[in-house]
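Below: upload_14.cif (mmCIF, C-alpha atoms)
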data_entry
#
loop_
_atom_site.label_atom_id
_atom_site.label_comp_id
_atom_site.auth_asym_id
_atom_site.auth_seq_id
_atom_site.Cartn_x
_atom_site.Cartn_y
_atom_site.Cartn_z
CA MET S 1 11.15 33.98 22.49
CA ARG S 2 12.71 31.22 24.57
CA TYR S 3 11.06 27.98 25.53
CA ALA S 4 11.99 24.46 26.54
CA THR S 5 10.92 21.39 24.59
CA GLY S 6 10.01 19.23 27.56
CA SER S 7 7.00 16.97 27.49
CA GLY S 8 4.65 19.59 28.95
CA TRP S 9 5.39 22.12 26.23
CA VAL S 10 5.32 19.45 23.53
CA GLU S 11 1.87 18.24 24.58
CA SER S 12 0.52 21.79 24.48
CA ALA S 13 2.17 22.54 21.11
CA ALA S 14 0.91 19.27 19.61
CA ALA S 15 -2.63 20.04 20.76
CA ARG S 16 -2.45 23.46 19.07
CA ALA S 17 -1.05 22.01 15.84
CA HIS S 18 -3.56 19.15 15.65
CA GLY S 19 -6.49 21.31 16.63
CA GLY S 20 -5.61 24.03 14.14
CA LEU S 21 -5.19 21.55 11.30
CA LEU S 22 -8.50 19.84 11.97
CA ARG S 23 -10.36 23.13 12.42
CA ARG S 24 -9.11 24.61 9.13
CA ALA S 25 -9.48 21.32 7.22
CA HIS S 26 -13.28 21.63 7.38
CA LEU S 27 -13.41 24.31 4.69
CA CYS S 28 -10.10 23.91 2.87
CA SER S 29 -9.86 22.72 -0.71
CA PRO S 30 -7.53 19.82 -1.56
CA ALA S 31 -5.11 22.24 -3.22
CA ASP S 32 -4.94 24.45 -0.09
CA PHE S 33 -4.18 21.60 2.27
CA THR S 34 -0.38 21.77 1.99
CA THR S 35 -0.32 25.45 2.94
CA ILE S 36 -2.49 24.82 6.00
CA ALA S 37 -0.28 21.88 7.00
CA VAL S 38 2.81 24.11 6.96
CA GLU S 39 1.18 26.95 8.85
CA GLU S 40 -0.27 24.83 11.65
CA ALA S 41 3.00 22.90 12.09
CA ARG S 42 4.69 26.11 13.26
CA ALA S 43 3.20 25.53 16.70
CA LEU S 44 5.70 22.65 17.01
CA GLY S 45 8.68 24.78 16.00
CA VAL S 46 8.55 23.63 12.37
CA ASP S 47 9.80 26.24 9.94
CA GLU S 48 9.87 23.98 6.86
CA LEU S 49 7.49 21.21 5.83
CA VAL S 50 7.34 19.59 2.41
CA ILE S 51 4.98 16.74 1.54
CA TYR S 52 6.24 14.24 -1.05
CA LEU S 53 3.87 11.68 -2.57
CA ALA S 54 5.02 8.41 -4.13
CA ASP S 55 4.11 7.99 -7.77
CA HIS S 56 1.91 5.03 -8.64
CA VAL S 57 4.85 2.72 -9.36
CA GLU S 58 6.73 3.75 -6.17
CA ARG S 59 9.81 4.83 -8.05
CA THR S 60 9.77 8.57 -7.35
CA LEU S 61 8.71 10.87 -4.49
CA VAL S 62 7.09 13.98 -5.94
CA PRO S 63 6.66 17.21 -3.92
CA MET S 64 3.13 18.49 -3.47
CA PRO S 65 2.79 21.96 -5.04
CA GLY S 66 2.57 24.94 -2.72
CA ARG S 67 4.15 28.22 -1.73
CA HIS S 68 6.84 26.39 0.26
CA THR S 69 7.92 23.83 -2.36
CA ALA S 70 9.09 25.91 -5.32
CA ASP S 71 12.72 24.79 -4.93
CA ARG S 72 12.00 21.09 -4.32
CA GLN S 73 12.61 18.47 -7.01
CA PRO S 74 11.31 14.87 -7.18
CA LEU S 75 13.38 12.33 -5.27
CA SER S 76 14.22 8.77 -6.21
CA VAL S 77 13.04 6.13 -3.74
CA GLU S 78 16.39 4.45 -4.31
CA GLY S 79 19.47 6.15 -2.89
CA THR S 80 17.93 9.12 -1.06
CA LEU S 81 17.16 9.79 2.59
CA GLY S 82 13.53 10.44 1.76
CA GLY S 83 13.41 7.16 -0.12
CA ARG S 84 14.95 5.33 2.83
CA ALA S 85 12.34 6.77 5.19
CA TYR S 86 9.62 5.69 2.74
CA SER S 87 10.88 2.16 2.08
CA THR S 88 11.65 1.37 5.74
CA SER S 89 8.78 3.30 7.35
CA SER S 90 11.38 4.92 9.63
CA VAL S 91 11.79 8.46 10.92
CA LEU S 92 15.27 9.72 9.98
CA GLU S 93 16.98 12.59 11.79
CA VAL S 94 19.57 14.25 9.58
CA GLY S 95 21.98 17.15 9.54
CA SER S 96 20.53 20.32 8.03
CA GLY S 97 23.67 22.40 7.59
CA SER S 98 22.53 24.78 10.31
CA PRO S 99 23.32 24.32 14.02
CA LEU S 100 19.91 25.78 14.86
CA GLN S 101 17.86 23.44 12.71
CA THR S 102 17.20 19.71 12.79
CA ARG S 103 15.75 18.00 9.72
CA LEU S 104 13.47 14.97 9.89
CA TRP S 105 12.25 12.64 7.16
CA ILE S 106 8.97 11.12 8.31
CA PRO S 107 6.98 8.46 6.42
CA LEU S 108 3.51 9.62 5.40
CA LEU S 109 1.27 6.71 6.38
CA ASP S 110 -2.49 6.37 6.29
CA GLY S 111 -2.56 3.64 8.91
CA THR S 112 0.05 1.41 7.29
CA HIS S 113 -0.58 2.43 3.67
CA ARG S 114 2.48 4.26 2.37
CA LEU S 115 1.58 7.54 0.69
CA GLY S 116 4.98 9.22 0.66
CA VAL S 117 7.24 11.11 3.08
CA VAL S 118 7.33 14.52 4.75
CA GLU S 119 10.48 16.60 5.08
CA VAL S 120 10.38 18.59 8.33
CA GLY S 121 12.77 21.38 9.33
CA LEU S 122 12.67 21.93 13.11
CA ARG S 123 13.91 25.14 14.66
CA PRO S 124 12.44 25.27 18.18
CA ALA S 125 13.56 28.74 19.30
CA LEU S 126 16.80 28.13 21.20
CA GLY S 127 15.39 24.91 22.61
CA GLU S 128 16.65 21.37 22.15
CA VAL S 129 14.92 18.86 19.91
CA SER S 130 13.75 16.27 22.39
CA ASP S 131 12.54 12.73 21.79
CA ALA S 132 9.06 13.93 22.72
CA LEU S 133 9.16 16.61 20.02
CA VAL S 134 10.31 14.15 17.34
CA GLU S 135 7.47 11.84 18.29
CA ALA S 136 4.99 14.74 18.23
CA CYS S 137 6.12 15.60 14.70
CA GLU S 138 5.59 11.97 13.64
CA ARG S 139 2.07 12.06 15.11
CA TYR S 140 1.35 15.31 13.28
CA VAL S 141 2.45 13.74 9.98
CA HIS S 142 0.21 10.75 10.69
CA LEU S 143 -2.70 13.18 11.06
CA LEU S 144 -1.65 14.88 7.81
CA ALA S 145 -1.89 11.54 6.03
CA GLN S 146 -5.38 10.80 7.26
CA VAL S 147 -6.71 14.28 6.49
CA SER S 148 -5.04 14.33 3.06
CA VAL S 149 -6.70 11.02 2.13
CA SER S 150 -10.12 12.38 3.05
CA LYS S 151 -9.48 15.63 1.14
CA ALA S 152 -8.22 13.76 -1.95
CA ALA S 153 -11.76 12.56 -2.62
CA TYR S 154 -12.84 16.12 -3.39
CA GLY S 155 -10.27 17.10 -6.00
CA ASP S 156 -7.58 15.79 -8.33
CA ILE S 157 -4.41 17.33 -6.88
CA VAL S 158 -3.19 14.03 -5.38
CA GLU S 159 -3.70 12.22 -8.69
CA PHE S 160 -1.94 15.01 -10.59
CA VAL S 161 1.10 14.53 -8.37
CA ARG S 162 1.15 10.74 -8.37
CA ARG S 163 0.75 10.18 -12.12
CA THR S 164 3.79 10.12 -14.33
CA ARG S 165 1.65 9.59 -17.43
CA PRO S 166 -2.09 9.93 -18.20
CA LEU S 167 -4.34 6.94 -17.55
CA SER S 168 -6.52 5.49 -20.25
CA VAL S 169 -10.28 5.30 -19.74
CA ALA S 170 -9.89 1.61 -18.86
CA GLY S 171 -7.12 2.49 -16.41
CA GLU S 172 -9.34 5.08 -14.71
CA LEU S 173 -12.13 2.54 -14.33
CA GLN S 174 -9.75 -0.14 -13.12
CA ARG S 175 -7.95 1.93 -10.46
CA ALA S 176 -11.18 3.43 -9.12
CA GLN S 177 -12.25 -0.03 -7.93
CA LEU S 178 -9.14 -0.94 -5.95
CA PRO S 179 -8.55 -0.65 -2.19
CA PRO S 180 -5.24 0.75 -0.84
CA ALA S 181 -2.23 -1.34 -1.84
CA THR S 182 -1.03 -1.91 1.75
CA PHE S 183 -2.85 -2.98 4.92
CA ALA S 184 -1.85 -4.53 8.24
CA THR S 185 -3.23 -5.48 11.63
CA ASP S 186 -1.48 -7.11 14.57
CA ARG S 187 -2.08 -10.51 12.91
CA LEU S 188 -1.47 -9.96 9.23
CA ALA S 189 0.27 -7.75 6.71
CA LEU S 190 -0.63 -7.62 3.04
CA ALA S 191 0.30 -5.68 -0.06
CA ALA S 192 -0.73 -5.62 -3.71
CA LEU S 193 0.69 -4.51 -7.04
CA LEU S 194 -0.89 -4.03 -10.44
CA GLU S 195 0.91 -3.34 -13.72
CA PRO S 196 0.76 -1.59 -16.08
CA VAL S 197 -0.56 1.47 -14.27
CA GLU S 198 -1.55 3.62 -17.24
CA ALA S 199 -3.13 1.33 -19.83
CA GLY S 200 -5.55 -0.61 -17.68
CA GLY S 201 -7.21 -3.89 -18.46
CA GLY S 202 -9.00 -6.70 -16.76
CA ASP S 203 -7.07 -7.31 -13.53
CA GLY S 204 -8.24 -6.41 -10.05
CA TYR S 205 -7.88 -7.34 -6.40
CA ASP S 206 -9.78 -6.84 -3.18
CA TYR S 207 -9.50 -7.60 0.51
CA ALA S 208 -11.27 -6.89 3.78
CA ALA S 209 -10.57 -7.64 7.44
CA ASN S 210 -13.84 -8.31 9.23
CA GLY S 211 -13.48 -9.51 12.80
CA ASP S 212 -11.43 -12.71 12.78
CA THR S 213 -11.68 -13.22 9.02
CA ALA S 214 -9.59 -11.80 6.19
CA HIS S 215 -11.30 -11.94 2.79
CA LEU S 216 -9.08 -12.00 -0.32
CA ALA S 217 -9.75 -11.90 -4.04
CA VAL S 218 -7.65 -11.65 -7.20
CA LEU S 219 -9.49 -11.42 -10.52
CA SER S 220 -8.62 -11.18 -14.21
CA ALA S 221 -11.00 -10.60 -17.12
CA HIS S 222 -10.04 -11.93 -20.52
CA GLY S 223 -8.57 -9.32 -22.82
CA GLU S 224 -7.78 -5.66 -22.30
CA GLY S 225 -9.43 -2.26 -22.53
CA VAL S 226 -12.80 -0.97 -21.38
CA ALA S 227 -14.67 -4.25 -21.90
CA ALA S 228 -12.25 -6.15 -19.66
CA ALA S 229 -12.14 -3.37 -17.05
CA THR S 230 -15.95 -3.22 -16.99
CA SER S 231 -16.21 -6.96 -16.41
CA THR S 232 -13.74 -6.87 -13.52
CA ALA S 233 -15.46 -3.83 -11.99
CA LEU S 234 -18.76 -5.74 -12.06
CA ALA S 235 -17.11 -8.82 -10.55
CA LEU S 236 -15.61 -6.74 -7.72
CA ALA S 237 -18.97 -5.11 -7.00
CA ALA S 238 -20.68 -8.51 -6.85
CA TYR S 239 -17.91 -9.94 -4.67
CA ARG S 240 -18.27 -7.08 -2.19
CA SER S 241 -22.04 -7.41 -2.24
CA GLY S 242 -21.81 -11.09 -1.27
CA ARG S 243 -19.18 -10.44 1.38
CA ARG S 244 -21.18 -7.63 2.96
CA ALA S 245 -24.31 -9.77 2.92
CA LEU S 246 -22.32 -12.29 5.02
CA LEU S 247 -22.52 -14.98 2.37
CA GLY S 248 -20.10 -17.89 2.54
CA LEU S 249 -17.33 -18.48 0.03
CA GLU S 250 -19.36 -20.77 -2.22
CA GLU S 251 -22.44 -18.53 -2.13
CA THR S 252 -20.35 -15.49 -2.98
CA TRP S 253 -18.82 -17.36 -5.91
CA SER S 254 -22.32 -18.16 -7.21
CA LEU S 255 -23.42 -14.54 -6.81
CA VAL S 256 -20.45 -13.22 -8.77
CA ASP S 257 -20.94 -15.85 -11.46
CA GLY S 258 -24.57 -14.88 -11.89
CA ALA S 259 -23.77 -11.17 -12.02
CA LEU S 260 -21.29 -11.75 -14.85
CA THR S 261 -23.56 -13.70 -17.20
CA ALA S 262 -24.28 -10.49 -19.14
CA ALA S 263 -20.78 -9.01 -18.75
CA PRO S 264 -18.63 -8.33 -21.84
CA ARG S 265 -15.96 -10.84 -20.76
CA PRO S 266 -15.71 -13.85 -18.40
CA VAL S 267 -13.47 -13.43 -15.36
CA THR S 268 -11.09 -15.86 -13.72
CA ALA S 269 -10.56 -15.50 -9.99
CA VAL S 270 -9.26 -16.89 -6.73
CA LEU S 271 -11.45 -16.16 -3.71
CA ALA S 272 -10.16 -16.92 -0.21
CA GLU S 273 -10.98 -16.57 3.48
CA LEU S 274 -8.37 -16.71 6.26
CA ASP S 275 -9.26 -17.26 9.91
CA LEU S 276 -6.90 -14.83 11.63
CA GLY S 277 -7.03 -16.69 14.90
CA SER S 278 -6.29 -20.24 13.75
CA GLY S 279 -4.62 -19.68 10.38
CA GLN S 280 -7.17 -21.87 8.59
CA LEU S 281 -7.40 -20.84 4.95
CA ARG S 282 -10.24 -21.72 2.59
CA TRP S 283 -9.95 -20.87 -1.08
CA LEU S 284 -11.44 -21.73 -4.45
CA SER S 285 -10.41 -21.09 -8.01
CA ALA S 286 -12.61 -20.11 -10.92
CA GLY S 287 -10.38 -20.85 -13.90
CA HIS S 288 -7.39 -19.30 -12.14
CA ALA S 289 -3.96 -20.37 -10.95
CA ALA S 290 -3.83 -21.67 -7.38
CA PRO S 291 -2.26 -19.51 -4.66
CA SER S 292 1.34 -20.21 -3.63
CA LEU S 293 2.18 -20.91 0.01
CA LEU S 294 5.68 -19.97 1.21
CA ARG S 295 7.06 -21.25 4.49
CA GLY S 296 10.57 -20.78 5.85
CA GLY S 297 11.86 -19.47 2.54
CA ARG S 298 10.46 -22.27 0.40
CA PRO S 299 7.21 -22.98 -1.43
CA VAL S 300 5.00 -25.59 0.21
CA ARG S 301 2.92 -28.01 -1.82
CA ALA S 302 -0.15 -27.87 0.38
CA GLY S 303 -2.55 -29.44 -2.10
CA ASP S 304 -4.50 -27.98 -4.99
CA ALA S 305 -7.84 -28.76 -6.56
CA PRO S 306 -9.09 -28.59 -10.15
CA ALA S 307 -10.14 -25.06 -11.01
CA GLY S 308 -13.76 -24.45 -11.80
CA PRO S 309 -14.88 -22.60 -14.94
CA PRO S 310 -14.37 -18.83 -15.24
CA LEU S 311 -17.02 -16.65 -13.63
CA GLY S 312 -19.69 -15.66 -16.12
CA ALA S 313 -18.92 -18.56 -18.43
CA GLY S 314 -22.58 -19.60 -18.42
CA ALA S 315 -24.99 -21.62 -16.30
CA GLY S 316 -24.17 -24.85 -18.07
CA ALA S 317 -20.51 -24.54 -17.21
CA VAL S 318 -21.38 -23.78 -13.60
CA ARG S 319 -23.52 -26.86 -13.18
CA ALA S 320 -20.87 -29.00 -14.84
CA GLY S 321 -18.01 -27.99 -12.59
CA GLU S 322 -18.47 -25.83 -9.50
CA PRO S 323 -15.05 -25.22 -7.96
CA ALA S 324 -14.03 -27.24 -4.95
CA VAL S 325 -13.07 -25.42 -1.76
CA VAL S 326 -9.48 -26.16 -0.68
CA ARG S 327 -8.41 -25.98 2.97
CA TRP S 328 -4.88 -25.17 4.11
CA ALA S 329 -3.51 -24.78 7.63
CA LEU S 330 -1.13 -21.82 7.81
CA GLU S 331 1.66 -21.54 10.35
CA PRO S 332 2.87 -18.26 11.91
CA GLY S 333 5.11 -16.48 9.43
CA ASP S 334 3.63 -18.18 6.37
CA ARG S 335 3.15 -16.07 3.27
CA LEU S 336 0.44 -16.47 0.68
CA LEU S 337 0.91 -15.22 -2.89
CA LEU S 338 -2.11 -14.79 -5.16
CA HIS S 339 -1.47 -13.57 -8.68
CA THR S 340 -3.08 -13.22 -12.09
CA PRO S 341 -1.93 -15.09 -15.22
CA GLY S 342 -0.20 -11.99 -16.58
CA LEU S 343 2.41 -12.02 -13.83
CA ALA S 344 3.19 -15.72 -14.23
CA THR S 345 3.77 -15.31 -17.98
CA ALA S 346 5.86 -12.13 -17.86
CA THR S 347 9.42 -11.94 -19.16
CA THR S 348 11.89 -10.05 -16.98
CA PRO S 349 14.34 -7.45 -18.37
CA GLN S 350 16.99 -10.21 -18.09
CA GLY S 351 14.94 -12.43 -20.41
CA GLU S 352 13.77 -14.83 -17.67
CA ARG S 353 10.28 -16.25 -18.21
CA LEU S 354 8.34 -16.28 -14.96
CA ASP S 355 6.31 -19.18 -13.73
CA ARG S 356 4.88 -20.10 -10.34
CA ASP S 357 8.16 -21.41 -8.91
CA ALA S 358 10.17 -18.48 -10.29
CA LEU S 359 7.75 -16.04 -8.68
CA CYS S 360 8.16 -17.74 -5.31
CA ARG S 361 11.94 -17.57 -5.59
CA LEU S 362 11.78 -13.87 -6.42
CA VAL S 363 9.48 -13.14 -3.50
CA GLU S 364 12.01 -14.78 -1.20
CA ARG S 365 14.91 -12.96 -2.82
CA TYR S 366 13.36 -9.52 -2.39
CA ASP S 367 12.08 -10.10 1.11
CA ALA S 368 14.46 -7.86 3.07
CA ALA S 369 12.75 -8.12 6.45
CA GLN S 370 10.47 -5.23 5.47
CA GLY S 371 7.26 -7.15 4.90
CA PRO S 372 4.98 -7.61 1.88
CA ALA S 373 4.79 -3.95 0.79
CA GLU S 374 8.52 -3.49 0.33
CA THR S 375 8.89 -7.01 -1.10
CA LEU S 376 6.40 -6.25 -3.86
CA ARG S 377 7.90 -2.81 -4.52
CA ARG S 378 11.31 -4.39 -5.10
CA LEU S 379 9.75 -7.19 -7.15
CA ARG S 380 7.95 -4.63 -9.32
CA HIS S 381 11.13 -2.76 -10.22
CA ALA S 382 13.35 -5.78 -10.62
CA VAL S 383 10.92 -7.83 -12.69
CA LEU S 384 8.44 -5.40 -14.24
CA GLY S 385 10.76 -2.50 -15.00
CA PRO S 386 11.88 -1.19 -18.41
CA GLY S 387 12.63 -4.07 -20.74
CA SER S 388 10.12 -6.49 -19.27
CA ALA S 389 7.40 -8.00 -21.43
CA LEU S 390 3.82 -8.42 -20.25
CA ALA S 391 1.17 -10.32 -22.18
CA GLY S 392 -1.49 -8.39 -20.21
CA ASP S 393 -2.04 -6.99 -16.77
CA ALA S 394 0.09 -8.39 -13.95
CA THR S 395 -1.33 -8.39 -10.43
CA ALA S 396 -0.17 -9.88 -7.15
CA LEU S 397 -1.53 -9.95 -3.61
CA LEU S 398 0.99 -11.01 -0.94
CA LEU S 399 -0.17 -11.77 2.59
CA GLU S 400 1.83 -12.71 5.67
CA TRP S 401 0.06 -14.23 8.67
CA ARG S 402 1.46 -13.50 12.13
CA GLY S 403 4.99 -13.03 10.87
CA GLY S 404 5.93 -9.90 12.79
CA HIS S 405 6.55 -7.84 9.66
CA GLU S 406 3.30 -5.99 10.29
CA ARG S 407 5.21 -4.02 12.93
CA THR S 408 7.76 -2.81 10.39
CA LEU S 409 4.95 -0.84 8.74
CA VAL S 410 4.54 1.30 11.87
CA PRO S 411 6.92 4.30 11.99
CA ALA S 412 10.17 3.59 13.83
CA LEU S 413 11.54 6.64 15.67
CA PRO S 414 15.26 7.43 15.43
CA ARG S 415 17.57 6.18 18.14
CA ARG S 416 18.60 9.56 19.53
CA ALA S 417 21.59 8.16 21.44
CA ARG S 418 23.36 7.72 18.13
CA GLN S 419 24.69 10.47 15.89
CA PRO S 420 22.13 11.76 13.37
CA VAL S 421 22.42 10.53 9.82
CA GLY S 422 24.39 13.13 7.85
#

Entire entry expressed as structure tokens:
Amino acid sequence: MRYATGSGWVESAAARAHGGLLRRAHLCSPADFTTIAVEEARALGVDELVIYLADHVERTLVPMPGRHTADRQPLSVEGTLGGRAYSTSSVLEVGSGSPLQTRLWIPLLDGTHRLGVVEVGLRPALGEVSDALVEACERYVHLLAQVSVSKAAYGDIVEFVRRTRPLSVAGELQRAQLPPATFATDRLALAALLEPVEAGGGDGYDYAANGDTAHLAVLSAHGEGVAAATSTALALAAYRSGRRALLGLEETWSLVDGALTAAPRPVTAVLAELDLGSGQLRWLSAGHAAPSLLRGGRPVRAGDAPAGPPLGAGAGAVRAGEPAVVRWALEPGDRLLLHTPGLATATTPQGERLDRDALCRLVERYDAAQGPAETLRRLRHAVLGPGSALAGDATALLLEWRGGHERTLVPALPRRARQPVG
């Protein structure tokens, strides 16, 4: 069979691949999804397709099990082509060892949330691999990401792949409450990290982009284990309830505080709202460290306020010291770092004790023009790797407003005029 790979054929092939995947996804189990993905990709001239998912600490890319992956081993994010595609959100075209096959590494993105990468072997029968075909493969992988996320809710295969060690009961409760760790729009990019992954304790984070407002929260219950995780889960539920009822920042704070009066542990928190049009930020602290504002590579002392009492500390404490709302004016490119006490008291593998200023310096050091997600991934492995010491959970939420890095989270296609990476 001979065919060209011009735009007309590519559009027809892409329609068949997408339509077949969506049609068969209705009744497929999560474990069958990888097989269906491979089979429907053949319409595009794909004869190999392997899905790799990042483990929870973004250190390793693990192949999804299936009939086509028996010979594949996990890949390191550092020092591999698959890892480069993952960390840079770029499509890489590489030599395959066969003159009739082109190999692509394509980031697996649910929107801008990095799930892993897909290895694609293209062998369009005697036809050339055109730019249009490479782009069609990237679009197909994007669809794979979105369908795989929806299917993951109905089984445990994704969690089996992503976990390097079992989670404790507290860890299960903790992680079930969290939104995806990466999100971006054309006006902001944000990312989050939480350590340790397996043990679980009282840390949590949340965010939402509603119209022109970004809502942000970082929380930390006192102590560890199920009691702390339960308190934070209740605080997150109350925070979302207030946000979705369109309550203001102060009213939401009061709602969360009231919901926690019977909780096992009090919870410290920073709650914030950012106007995405003007850059006006409003935040308040309930017994928590103030956010850090970074501008032009340096921390900015924009003005703090005394923190109010922890949420759930009791009605008397609330009446004695409701937290004051602080207002900051962000400039395009500014970054905002919210973190829990555990991160600011950690000791790095090099023996360095972190504090607020040290954290800001490290954020700047690991910012490699890749935006908040890659900055926090590098920070995690440089600071929270083997040999580090944590007094408890360590959580960070890093946001950049109108800095341009949000576009680095969208897949970049290879520049075909250059020689493929070999």

For the structure shown, which residues end up in the PyMOL selection byres ((chain S and resi 371) around 12)? Put them as a tab-separated table (two decimals) with C-alpha atoms, in the coordinates of the input, please?
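Result saved to out_8.tsv:
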chain	number	residue	atom	x	y	z
S	87	SER	CA	10.88	2.16	2.08
S	88	THR	CA	11.65	1.37	5.74
S	89	SER	CA	8.78	3.30	7.35
S	112	THR	CA	0.05	1.41	7.29
S	182	THR	CA	-1.03	-1.91	1.75
S	183	PHE	CA	-2.85	-2.98	4.92
S	184	ALA	CA	-1.85	-4.53	8.24
S	188	LEU	CA	-1.47	-9.96	9.23
S	189	ALA	CA	0.27	-7.75	6.71
S	190	LEU	CA	-0.63	-7.62	3.04
S	191	ALA	CA	0.30	-5.68	-0.06
S	192	ALA	CA	-0.73	-5.62	-3.71
S	333	GLY	CA	5.11	-16.48	9.43
S	334	ASP	CA	3.63	-18.18	6.37
S	335	ARG	CA	3.15	-16.07	3.27
S	363	VAL	CA	9.48	-13.14	-3.50
S	364	GLU	CA	12.01	-14.78	-1.20
S	366	TYR	CA	13.36	-9.52	-2.39
S	367	ASP	CA	12.08	-10.10	1.11
S	368	ALA	CA	14.46	-7.86	3.07
S	369	ALA	CA	12.75	-8.12	6.45
S	370	GLN	CA	10.47	-5.23	5.47
S	372	PRO	CA	4.98	-7.61	1.88
S	373	ALA	CA	4.79	-3.95	0.79
S	374	GLU	CA	8.52	-3.49	0.33
S	375	THR	CA	8.89	-7.01	-1.10
S	376	LEU	CA	6.40	-6.25	-3.86
S	377	ARG	CA	7.90	-2.81	-4.52
S	378	ARG	CA	11.31	-4.39	-5.10
S	398	LEU	CA	0.99	-11.01	-0.94
S	399	LEU	CA	-0.17	-11.77	2.59
S	400	GLU	CA	1.83	-12.71	5.67
S	401	TRP	CA	0.06	-14.23	8.67
S	402	ARG	CA	1.46	-13.50	12.13
S	403	GLY	CA	4.99	-13.03	10.87
S	404	GLY	CA	5.93	-9.90	12.79
S	405	HIS	CA	6.55	-7.84	9.66
S	406	GLU	CA	3.30	-5.99	10.29
S	407	ARG	CA	5.21	-4.02	12.93
S	408	THR	CA	7.76	-2.81	10.39
S	409	LEU	CA	4.95	-0.84	8.74
S	410	VAL	CA	4.54	1.30	11.87

Would you mind telling me which residue in S:Leu274, S:Arg240, S:Leu384, S:Pro65 lies nearest to Gly351 of chain S when using only C-alpha atoms?
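Using only C-alpha atoms, the shortest distance to Gly351 of chain S belongs to S:Leu384.
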
Counting all atoms listed in the file, closest pick from S:Leu144, S:Val256, S:Val383, S:Val50 relative to Gln350 of chain S is S:Val383

Next on the checklist: Using all atoms listed in the file, which protein or nucleic acid residues come within 9 Å of Ala217 of chain S? Drop anything in the same chain fewer than 4 positions from it, and give the result as JSON, numbers by chain.
Outcome noted: {"S": [204, 205, 206, 207, 236, 239, 269, 270, 271, 272, 273, 338, 397]}

Quick one: which residues end up in the PyMOL selection byres ((chain S and resi 104) around 7) for this structure, as a VMD selection string? chain S and resid 91 to 94 102 to 103 105 to 106 119 to 121

What separates atom CA of Gly248 of chain S and atom CA of His215 of chain S is a distance of 10.6 Å

For Ser231 of chain S, the nearest of the candidates S:Leu246, S:Ala214, S:Leu336, S:Leu311, counting only C-alpha atoms: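 Closest to Ser231 of chain S of all the choices is S:Leu311.
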
* Asked: Restricting the calculation to only C-alpha atoms, which member of S:Leu413, S:Val169, S:Ala152, S:Leu337 is positioned closest to Val134 of chain S?
  ->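 For Val134 of chain S, the nearest of the given residues is S:Leu413.
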
(Q) I'd like the neighbourhood of Val325 of chain S as a ChimeraX atom specification, where a residue qualifies if any of its atoms comes within 10 Å (using all atoms listed in the file), though same-chain residues fewer than 5 positions away should be ignored. (A) /S:249-250,271-272,281-285,304-307
